[in-house]
>>> print(open('structure.txt').read())   # compact mmCIF, C-alpha atoms
# COMPACT_ATOMS: atom_id res chain seq x y z
CA MET A 1 -13.73 0.81 51.42
CA THR A 2 -12.63 4.27 52.52
CA ASP A 3 -9.22 3.42 51.14
CA THR A 4 -10.60 2.62 47.66
CA GLY A 5 -12.61 5.81 47.73
CA ALA A 6 -9.53 7.82 48.57
CA ARG A 7 -7.51 6.16 45.79
CA ARG A 8 -10.24 6.75 43.27
CA ARG A 9 -10.03 10.45 43.91
CA GLY A 10 -6.26 10.49 43.34
CA ARG A 11 -4.05 8.67 40.84
CA PRO A 12 -5.85 5.59 39.51
CA PRO A 13 -4.57 2.23 40.80
CA ARG A 14 -2.27 0.37 38.44
CA ALA A 15 -4.86 -2.14 37.14
CA GLU A 16 -7.33 0.59 36.33
CA SER A 17 -4.61 2.63 34.66
CA ALA A 18 -3.61 -0.29 32.41
CA ASP A 19 -7.26 -0.75 31.54
CA THR A 20 -7.60 2.93 30.58
CA ARG A 21 -4.44 2.76 28.45
CA ASP A 22 -5.82 -0.27 26.61
CA ARG A 23 -9.14 1.48 26.06
CA ILE A 24 -7.36 4.54 24.65
CA LEU A 25 -5.20 2.39 22.34
CA ALA A 26 -8.23 0.46 21.09
CA ALA A 27 -10.00 3.77 20.39
CA ALA A 28 -6.87 5.09 18.68
CA ARG A 29 -6.62 2.06 16.37
CA GLU A 30 -10.30 2.44 15.49
CA GLU A 31 -9.87 6.18 14.84
CA PHE A 32 -6.68 5.82 12.76
CA SER A 33 -8.21 2.90 10.87
CA GLU A 34 -11.43 4.72 10.00
CA ARG A 35 -10.23 8.28 9.49
CA GLY A 36 -6.54 7.83 8.65
CA TYR A 37 -3.68 9.51 10.45
CA GLU A 38 -4.21 13.04 9.20
CA LYS A 39 -7.90 13.35 9.99
CA SER A 40 -7.59 11.64 13.38
CA THR A 41 -7.38 13.83 16.49
CA VAL A 42 -6.39 13.21 20.09
CA ARG A 43 -9.71 14.77 21.06
CA GLY A 44 -11.62 12.29 18.89
CA ILE A 45 -9.67 9.35 20.34
CA ALA A 46 -10.28 10.61 23.88
CA LYS A 47 -13.99 10.97 23.20
CA ALA A 48 -14.25 7.44 21.76
CA ALA A 49 -12.38 6.08 24.80
CA GLY A 50 -14.63 8.03 27.16
CA VAL A 51 -11.76 9.96 28.75
CA ASP A 52 -10.45 13.51 28.74
CA SER A 53 -7.95 14.59 26.05
CA ALA A 54 -5.53 15.56 28.81
CA LEU A 55 -5.42 11.93 29.96
CA VAL A 56 -4.46 10.76 26.44
CA HIS A 57 -1.68 13.35 26.41
CA HIS A 58 -0.67 12.30 29.93
CA TYR A 59 -0.33 8.63 28.97
CA PHE A 60 1.07 8.92 25.44
CA GLY A 61 2.03 12.50 24.52
CA THR A 62 1.44 13.82 20.99
CA LYS A 63 -0.75 12.32 18.25
CA GLU A 64 2.38 10.83 16.66
CA GLN A 65 3.22 9.13 19.95
CA VAL A 66 -0.33 7.80 20.30
CA PHE A 67 0.00 6.44 16.76
CA ALA A 68 3.37 4.84 17.53
CA ALA A 69 1.92 3.16 20.63
CA ALA A 70 -1.13 1.92 18.70
CA VAL A 71 1.10 0.58 15.92
CA GLU A 72 3.43 -1.09 18.38
CA VAL A 73 0.55 -3.03 19.92
CA ALA A 74 -0.81 -3.85 16.46
CA VAL A 75 2.46 -5.19 15.10
CA ALA A 76 3.57 -6.75 18.40
CA PRO A 77 2.68 -10.28 17.21
CA ALA A 78 4.68 -9.67 14.02
CA LEU A 79 7.61 -8.41 16.05
CA ASP A 80 7.85 -11.87 17.58
CA ALA A 81 8.52 -13.22 14.09
CA PRO A 82 12.32 -13.03 14.38
CA ASP A 83 12.16 -15.19 17.50
CA ALA A 84 9.84 -17.67 15.80
CA VAL A 85 12.15 -17.66 12.81
CA ALA A 86 15.31 -17.91 14.92
CA ASP A 87 14.21 -21.31 16.21
CA ALA A 88 13.98 -22.65 12.66
CA PRO A 89 16.83 -24.31 10.77
CA LEU A 90 18.13 -21.86 8.17
CA ASP A 91 16.54 -23.76 5.29
CA GLN A 92 13.08 -23.40 6.87
CA VAL A 93 13.28 -19.67 7.60
CA GLY A 94 11.19 -18.73 4.54
CA GLU A 95 8.38 -21.10 5.42
CA ARG A 96 8.32 -20.01 9.07
CA LEU A 97 8.30 -16.31 8.30
CA THR A 98 5.66 -16.67 5.58
CA ARG A 99 3.38 -18.74 7.84
CA PHE A 100 3.85 -16.27 10.63
CA MET A 101 2.89 -13.29 8.45
CA PHE A 102 -0.16 -14.95 6.96
CA GLY A 103 -1.17 -16.10 10.45
CA VAL A 104 -1.30 -12.45 11.52
CA TRP A 105 -3.15 -11.33 8.35
CA GLU A 106 -5.66 -14.20 8.33
CA ASN A 107 -6.67 -13.50 11.94
CA PRO A 108 -9.42 -10.83 11.86
CA THR A 109 -8.36 -9.49 15.28
CA THR A 110 -4.84 -8.66 14.14
CA ARG A 111 -5.77 -7.87 10.54
CA MET A 112 -7.78 -4.77 11.36
CA PRO A 113 -5.03 -2.88 13.22
CA LEU A 114 -2.52 -3.93 10.54
CA LEU A 115 -4.79 -2.48 7.85
CA ALA A 116 -4.99 0.73 9.86
CA VAL A 117 -1.21 0.93 10.03
CA VAL A 118 -0.75 0.24 6.32
CA ARG A 119 -3.43 2.77 5.30
CA SER A 120 -1.95 5.49 7.51
CA ALA A 121 1.65 4.78 6.50
CA VAL A 122 0.81 4.95 2.80
CA ASN A 123 -0.84 8.35 3.18
CA ASN A 124 1.14 10.26 5.74
CA GLU A 125 4.86 10.86 6.12
CA THR A 126 4.73 10.93 9.93
CA ALA A 127 2.91 7.61 9.99
CA ALA A 128 5.34 6.20 7.42
CA ALA A 129 8.25 7.21 9.66
CA VAL A 130 6.69 5.35 12.59
CA PHE A 131 6.18 2.31 10.37
CA ARG A 132 9.79 2.47 9.18
CA ARG A 133 11.13 2.75 12.70
CA LEU A 134 9.08 -0.14 14.05
CA VAL A 135 8.87 -2.57 11.14
CA ALA A 136 12.13 -1.83 9.37
CA ALA A 137 14.34 -1.23 12.37
CA GLN A 138 12.85 -3.78 14.74
CA LEU A 139 11.51 -6.54 12.53
CA LEU A 140 13.65 -6.56 9.39
CA ARG A 141 17.00 -5.75 11.02
CA ARG A 142 16.48 -8.57 13.51
CA ILE A 143 15.83 -11.00 10.68
CA ALA A 144 18.79 -9.66 8.72
CA ALA A 145 21.03 -10.09 11.77
CA GLN A 146 20.47 -13.83 11.56
CA LEU A 147 21.65 -14.01 7.96
CA ASP A 148 25.27 -14.42 7.08
CA ALA A 149 25.42 -12.19 3.99
CA PRO A 150 26.83 -8.73 3.23
CA ASP A 151 23.52 -7.54 1.75
CA ALA A 152 21.43 -9.12 4.52
CA GLU A 153 19.23 -6.06 5.04
CA LEU A 154 18.38 -5.73 1.36
CA ARG A 155 17.58 -9.45 1.25
CA ALA A 156 15.26 -9.14 4.26
CA GLU A 157 13.52 -6.15 2.66
CA LEU A 158 12.95 -7.88 -0.68
CA ALA A 159 11.56 -10.90 1.18
CA ALA A 160 9.29 -8.50 3.09
CA ALA A 161 8.33 -6.88 -0.23
CA GLN A 162 6.93 -10.19 -1.50
CA LEU A 163 4.93 -10.61 1.72
CA VAL A 164 3.76 -6.97 1.87
CA GLY A 165 2.77 -6.97 -1.82
CA THR A 166 0.85 -10.24 -1.49
CA ALA A 167 -0.97 -8.88 1.59
CA MET A 168 -1.77 -5.64 -0.27
CA LEU A 169 -3.28 -7.42 -3.28
CA ARG A 170 -5.10 -10.06 -1.17
CA TYR A 171 -6.40 -8.10 1.82
CA VAL A 172 -6.42 -4.43 0.79
CA ILE A 173 -7.02 -4.22 -2.98
CA LYS A 174 -8.64 -7.68 -3.07
CA VAL A 175 -7.55 -8.78 -6.54
CA GLU A 176 -9.09 -12.07 -7.67
CA PRO A 177 -8.25 -14.98 -7.64
CA LEU A 178 -5.56 -14.04 -5.07
CA ALA A 179 -8.11 -12.62 -2.62
CA SER A 180 -10.17 -15.82 -2.38
CA VAL A 181 -7.73 -18.65 -2.98
CA ASP A 182 -6.88 -20.91 -0.02
CA VAL A 183 -4.01 -19.40 1.96
CA GLU A 184 -2.09 -22.70 1.80
CA ARG A 185 -1.80 -22.38 -1.99
CA ILE A 186 -0.29 -18.94 -1.52
CA ILE A 187 2.10 -20.09 1.20
CA ALA A 188 3.25 -22.97 -1.00
CA ARG A 189 4.29 -20.47 -3.70
CA VAL A 190 5.48 -17.57 -1.54
CA ALA A 191 7.52 -19.40 1.12
CA PRO A 192 10.20 -20.64 -1.35
CA VAL A 193 10.50 -17.10 -2.76
CA VAL A 194 11.00 -15.63 0.74
CA GLN A 195 13.52 -18.39 1.47
CA GLY A 196 15.32 -17.59 -1.79
CA HIS A 197 15.57 -13.90 -0.96
CA LEU A 198 16.96 -14.63 2.50
CA THR A 199 19.39 -17.47 1.88
CA GLY A 200 19.60 -17.93 -1.92
CA PRO A 201 22.69 -17.29 -4.03
CA MET B 202 -12.24 34.28 -38.99
CA THR B 203 -16.02 34.58 -38.69
CA ASP B 204 -16.15 30.82 -38.74
CA THR B 205 -13.71 30.49 -35.83
CA GLY B 206 -15.67 33.09 -33.89
CA ALA B 207 -18.89 31.21 -34.47
CA ARG B 208 -17.33 27.90 -33.42
CA ARG B 209 -15.93 29.44 -30.26
CA ARG B 210 -19.40 30.40 -29.18
CA GLY B 211 -20.68 26.88 -29.72
CA ARG B 212 -19.05 23.50 -29.03
CA PRO B 213 -15.25 23.92 -28.70
CA PRO B 214 -13.21 22.64 -31.64
CA ARG B 215 -11.70 19.21 -31.17
CA ALA B 216 -8.13 20.37 -30.35
CA GLU B 217 -9.33 22.75 -27.66
CA SER B 218 -11.60 20.11 -26.21
CA ALA B 219 -8.71 17.62 -25.95
CA ASP B 220 -6.64 20.31 -24.25
CA THR B 221 -9.39 20.97 -21.69
CA ARG B 222 -9.77 17.24 -21.01
CA ASP B 223 -6.02 16.97 -20.39
CA ARG B 224 -6.11 19.96 -18.07
CA ILE B 225 -8.98 18.47 -16.10
CA LEU B 226 -7.21 15.11 -15.84
CA ALA B 227 -3.97 16.75 -14.68
CA ALA B 228 -5.92 18.70 -12.06
CA ALA B 229 -7.72 15.50 -11.02
CA ARG B 230 -4.45 13.58 -10.54
CA GLU B 231 -3.09 16.47 -8.47
CA GLU B 232 -6.25 16.61 -6.37
CA PHE B 233 -6.51 12.83 -5.83
CA SER B 234 -2.79 12.69 -5.08
CA GLU B 235 -2.85 15.46 -2.50
CA ARG B 236 -6.23 14.96 -0.86
CA GLY B 237 -6.97 11.30 -1.51
CA TYR B 238 -10.11 9.99 -3.17
CA GLU B 239 -12.56 10.66 -0.38
CA LYS B 240 -11.67 14.28 0.27
CA SER B 241 -11.40 15.16 -3.43
CA THR B 242 -14.38 16.84 -5.09
CA VAL B 243 -15.39 17.45 -8.69
CA ARG B 244 -15.78 21.12 -7.73
CA GLY B 245 -12.17 21.26 -6.46
CA ILE B 246 -10.88 19.57 -9.60
CA ALA B 247 -12.85 21.97 -11.79
CA LYS B 248 -11.54 24.97 -9.88
CA ALA B 249 -7.92 23.78 -10.20
CA ALA B 250 -8.42 23.23 -13.93
CA GLY B 251 -10.03 26.66 -14.32
CA VAL B 252 -13.30 25.29 -15.67
CA ASP B 253 -16.88 24.93 -14.48
CA SER B 254 -17.91 21.79 -12.54
CA ALA B 255 -20.55 21.15 -15.19
CA LEU B 256 -17.82 20.77 -17.80
CA VAL B 257 -16.06 18.11 -15.70
CA HIS B 258 -19.35 16.24 -15.40
CA HIS B 259 -19.95 16.72 -19.11
CA TYR B 260 -16.60 15.20 -20.08
CA PHE B 261 -16.26 12.47 -17.47
CA GLY B 262 -19.43 12.00 -15.39
CA THR B 263 -19.21 11.21 -11.66
CA LYS B 264 -16.19 11.56 -9.34
CA GLU B 265 -15.60 7.80 -9.69
CA GLN B 266 -15.50 8.19 -13.48
CA VAL B 267 -13.09 11.14 -13.23
CA PHE B 268 -10.89 8.96 -11.01
CA ALA B 269 -11.05 6.03 -13.46
CA ALA B 270 -10.04 8.33 -16.33
CA ALA B 271 -7.17 9.82 -14.30
CA VAL B 272 -5.97 6.35 -13.31
CA GLU B 273 -6.21 5.09 -16.86
CA VAL B 274 -3.92 7.87 -18.07
CA ALA B 275 -1.57 7.30 -15.12
CA VAL B 276 -1.24 3.57 -15.65
CA ALA B 277 -1.38 3.75 -19.46
CA PRO B 278 2.41 3.21 -19.78
CA ALA B 279 2.15 0.18 -17.51
CA LEU B 280 -0.74 -1.17 -19.57
CA ASP B 281 1.68 -1.46 -22.48
CA ALA B 282 3.67 -3.94 -20.39
CA PRO B 283 1.94 -7.03 -21.80
CA ASP B 284 2.88 -5.94 -25.32
CA ALA B 285 6.46 -5.25 -24.26
CA VAL B 286 6.50 -8.61 -22.54
CA ALA B 287 4.85 -10.41 -25.43
CA ASP B 288 7.80 -9.61 -27.69
CA ALA B 289 10.19 -11.29 -25.26
CA PRO B 290 11.14 -14.96 -25.35
CA LEU B 291 9.34 -16.73 -22.48
CA ASP B 292 12.55 -17.06 -20.44
CA GLN B 293 13.04 -13.26 -20.48
CA VAL B 294 9.51 -12.31 -19.46
CA GLY B 295 10.49 -11.70 -15.82
CA GLU B 296 13.33 -9.37 -16.71
CA ARG B 297 11.23 -7.44 -19.26
CA LEU B 298 8.28 -6.97 -16.92
CA THR B 299 10.49 -5.98 -13.98
CA ARG B 300 12.44 -3.44 -16.05
CA PHE B 301 9.22 -2.05 -17.44
CA MET B 302 7.70 -1.56 -13.96
CA PHE B 303 10.80 0.05 -12.46
CA GLY B 304 11.06 2.26 -15.54
CA VAL B 305 7.61 3.65 -14.77
CA TRP B 306 8.37 4.06 -11.04
CA GLU B 307 11.83 5.59 -11.50
CA ASN B 308 10.46 8.25 -13.87
CA PRO B 309 9.23 11.18 -11.71
CA THR B 310 6.56 12.10 -14.29
CA THR B 311 4.86 8.71 -14.09
CA ARG B 312 5.70 8.05 -10.43
CA MET B 313 3.52 10.85 -9.06
CA PRO B 314 0.23 9.72 -10.64
CA LEU B 315 1.03 6.10 -9.69
CA LEU B 316 1.51 7.17 -6.08
CA ALA B 317 -1.83 8.95 -6.23
CA VAL B 318 -3.52 5.80 -7.50
CA VAL B 319 -1.91 3.57 -4.87
CA ARG B 320 -2.75 5.99 -2.03
CA SER B 321 -6.36 6.29 -3.11
CA ALA B 322 -6.81 2.57 -3.76
CA VAL B 323 -5.46 1.65 -0.31
CA ASN B 324 -7.89 4.00 1.42
CA ASN B 325 -11.11 3.85 -0.48
CA GLU B 326 -13.21 0.95 -1.70
CA THR B 327 -14.42 2.78 -4.83
CA ALA B 328 -10.86 3.66 -5.78
CA ALA B 329 -9.75 0.08 -5.05
CA ALA B 330 -12.47 -1.19 -7.39
CA VAL B 331 -11.19 1.06 -10.18
CA PHE B 332 -7.64 -0.15 -9.53
CA ARG B 333 -8.80 -3.79 -9.63
CA ARG B 334 -10.68 -3.29 -12.88
CA LEU B 335 -7.81 -1.54 -14.64
CA VAL B 336 -4.72 -3.22 -13.24
CA ALA B 337 -6.06 -6.67 -12.50
CA ALA B 338 -8.37 -7.08 -15.46
CA GLN B 339 -6.34 -5.28 -18.11
CA LEU B 340 -2.73 -5.73 -17.07
CA LEU B 341 -2.52 -9.00 -15.13
CA ARG B 342 -5.03 -10.97 -17.20
CA ARG B 343 -3.22 -10.03 -20.38
CA ILE B 344 0.05 -11.27 -18.92
CA ALA B 345 -1.63 -14.42 -17.62
CA ALA B 346 -3.10 -15.08 -21.07
CA GLN B 347 0.42 -15.51 -22.41
CA LEU B 348 1.28 -18.18 -19.87
CA ASP B 349 0.53 -21.80 -20.50
CA ALA B 350 -0.44 -22.84 -16.96
CA PRO B 351 -3.74 -23.68 -15.22
CA ASP B 352 -3.01 -21.21 -12.38
CA ALA B 353 -1.74 -18.49 -14.74
CA GLU B 354 -3.74 -15.67 -13.06
CA LEU B 355 -2.51 -16.54 -9.58
CA ARG B 356 1.05 -16.70 -10.93
CA ALA B 357 0.72 -13.26 -12.54
CA GLU B 358 -0.70 -11.84 -9.30
CA LEU B 359 2.10 -13.21 -7.13
CA ALA B 360 4.65 -11.82 -9.59
CA ALA B 361 2.82 -8.49 -9.36
CA ALA B 362 2.86 -8.80 -5.55
CA GLN B 363 6.66 -8.89 -5.54
CA LEU B 364 6.76 -5.79 -7.77
CA VAL B 365 4.01 -3.93 -5.87
CA GLY B 366 5.58 -4.74 -2.50
CA THR B 367 9.04 -3.63 -3.63
CA ALA B 368 7.58 -0.37 -4.99
CA MET B 369 5.68 0.17 -1.71
CA LEU B 370 8.76 -0.24 0.46
CA ARG B 371 11.08 1.70 -1.89
CA TYR B 372 8.91 4.60 -3.11
CA VAL B 373 6.07 4.94 -0.58
CA ILE B 374 7.33 3.82 2.86
CA LYS B 375 10.99 4.43 1.90
CA VAL B 376 12.63 1.67 3.93
CA GLU B 377 16.44 1.78 3.88
CA PRO B 378 18.62 0.45 2.27
CA LEU B 379 15.96 -0.52 -0.30
CA ALA B 380 14.91 3.10 -0.89
CA SER B 381 18.41 4.30 -1.87
CA VAL B 382 20.10 1.29 -3.43
CA ASP B 383 20.77 1.41 -7.19
CA VAL B 384 17.72 0.14 -9.07
CA GLU B 385 19.89 -2.30 -11.05
CA ARG B 386 20.72 -4.19 -7.85
CA ILE B 387 17.01 -4.54 -7.16
CA ILE B 388 16.22 -5.62 -10.71
CA ALA B 389 18.98 -8.25 -10.55
CA ARG B 390 17.28 -9.81 -7.50
CA VAL B 391 13.62 -9.24 -8.38
CA ALA B 392 13.55 -10.20 -12.08
CA PRO B 393 14.40 -13.91 -11.45
CA VAL B 394 11.68 -14.02 -8.78
CA VAL B 395 9.10 -12.57 -11.18
CA GLN B 396 10.27 -15.03 -13.84
CA GLY B 397 9.95 -17.88 -11.34
CA HIS B 398 6.39 -16.93 -10.45
CA LEU B 399 5.36 -16.72 -14.11
CA THR B 400 7.09 -19.73 -15.66
CA GLY B 401 8.63 -21.70 -12.77
CA PRO B 402 7.55 -25.20 -11.70
>>> encode(input="structure.txt", output="structure tokens")
Amino acid sequence: MTDTGARRRGRPPRAESADTRDRILAAAREEFSERGYEKSTVRGIAKAAGVDSALVHHYFGTKEQVFAAAVEVAVAPALDAPDAVADAPLDQVGERLTRFMFGVWENPTTRMPLLAVVRSAVNNETAAAVFRRLVAAQLLRRIAAQLDAPDAELRAELAAAQLVGTAMLRYVIKVEPLASVDVERIIARVAPVVQGHLTGP
Amino acid sequence: MTDTGARRRGRPPRAESADTRDRILAAAREEFSERGYEKSTVRGIAKAAGVDSALVHHYFGTKEQVFAAAVEVAVAPALDAPDAVADAPLDQVGERLTRFMFGVWENPTTRMPLLAVVRSAVNNETAAAVFRRLVAAQLLRRIAAQLDAPDAELRAELAAAQLVGTAMLRYVIKVEPLASVDVERIIARVAPVVQGHLTGP
């Protein structure tokens, strides 16, 4: 008992610290999602997380670094895509990747942080740079590395363009009928296109 | 001379009125582009155009209506796409539409207002509704009307998704190598995909 009391006055124990980090990241995603990157502040994120600004700086650093951490958590499921895709035979890569992406977008829990990332990246150069570094460097290069083509990176990006554009029109701009149609009808049309970009002639 | 003087004190002559409208719209695009839809104000637009707020309201109405007018001018070249596409044989529709879109995006004069529209539409529901009405209803439905398929609208939207996504990654997020590669290399890969969406099996 005395021991716990003593620890509480000093550096928080590891479990508590992880909990605080998560709370700050959740608050950050909410803040970036609602206010966008530019209008968001470390102070506002700290307040929403119920902690002091200094603690946010201590854990993450600058606002850009908080954003990067929030994005990394948000796109973490998507960053597993290359592994999911790597298991697939080469002629099923398009289908796997497409299903994976729509799985992330159709799930309300992962859709919200993704929307926050997209909104911020479209409006702010710093946020766009974070998006480029994480999504382009980590996700697309890893997919490209599995392709045996000289223009593998361009192929991966044009495949991503079909997926990003479809997500934009379905989930962000909400153009009908695309916004309401069953996701399986979309996958049936989009997966062969993604496959074609990646492994076509 | 007396006549001109008299007219100047009353309603402005038609040419001057068109000039003022253009100045207000240019100021509006600048304002929406820099500040986004939510932070933009009719007062700020009026100030930038060197006119009174009441004149902006007189010509266009509410902020939403100013935005719609600014968007309409910005996407006007793109709204000619269905006509450009209509002239093409059905097996060249993909190439025509793709070239048309990249022509608009590669031109710095039309790229800036388009960026403003995309940024605002991604971040604000009112702006997204304007985008839907103009782009979806006017542009995509007119293209779909030329297709002889039961799911023509969905096809047109998925073709648009490839174009929108490519523009996002090239011009907004600036993912490399897509952002720097010669546009002809992109068109060579994207046009067949757009064609496939519109007229494929």
>>> interface_residues(input="structure.txt", of="chain B", to="chain A", cutoff="7 Å", atoms="only C-alpha atoms", output="NGL selection string")
:B and (320 or 322-324 or 329 or 333 or 337 or 355 or 358-359 or 362-363 or 365-367 or 370 or 373-374 or 376 or 378-379 or 394)
>>> atom_distance(input="structure.txt", atom1="CA of Ala250 in chain B", atom2="CA of Ala228 in chain B")
5.5 Å
>>> atom_distance(input="structure.txt", atom1="CA of Ala269 in chain B", atom2="CA of Val318 in chain B")
9.6 Å
>>> closest_residue(input="structure.txt", among="A:Ala145, A:Ala188, A:Ala18, A:Ala26", to="Val71 in chain A", atoms="all atoms listed in the file")
A:Ala26
>>> closest_residue(input="structure.txt", among="A:Ala144, A:Ile187, A:Ala46, A:Ala28", to="Gln65 in chain A", atoms="all atoms listed in the file")
A:Ala28
>>> atom_distance(input="structure.txt", atom1="CA of Ser40 in chain A", atom2="CA of Val66 in chain A")
10.7 Å
>>> closest_residue(input="structure.txt", among="A:Gln92, A:Thr126, A:Thr20, A:Thr62", to="Ala191 in chain A", atoms="only C-alpha atoms")
A:Gln92
>>> residues_around(input="structure.txt", residues="Arg21 in chain A", least_positions_apart="4", cutoff="8 Å", atoms="only C-alpha atoms", output="list in words")
Ser17, Leu25 and Tyr59 of chain A
>>> residues_around(input="structure.txt", residues="Val183 in chain A", least_positions_apart="6", cutoff="10 Å", atoms="only C-alpha atoms", output="NGL selection string")
:A and (99 or 102-103 or 106 or 170)
>>> write_last_selection(input="structure.txt", atoms="C-alpha atoms", output="short mmCIF file (atom, residue, chain, number, x, y, z; two decimals), in the coordinates of the input")
data_model
loop_
_atom_site.label_atom_id
_atom_site.label_comp_id
_atom_site.auth_asym_id
_atom_site.auth_seq_id
_atom_site.Cartn_x
_atom_site.Cartn_y
_atom_site.Cartn_z
CA ARG A 99 3.38 -18.74 7.84
CA PHE A 102 -0.16 -14.95 6.96
CA GLY A 103 -1.17 -16.10 10.45
CA GLU A 106 -5.66 -14.20 8.33
CA ARG A 170 -5.10 -10.06 -1.17
#
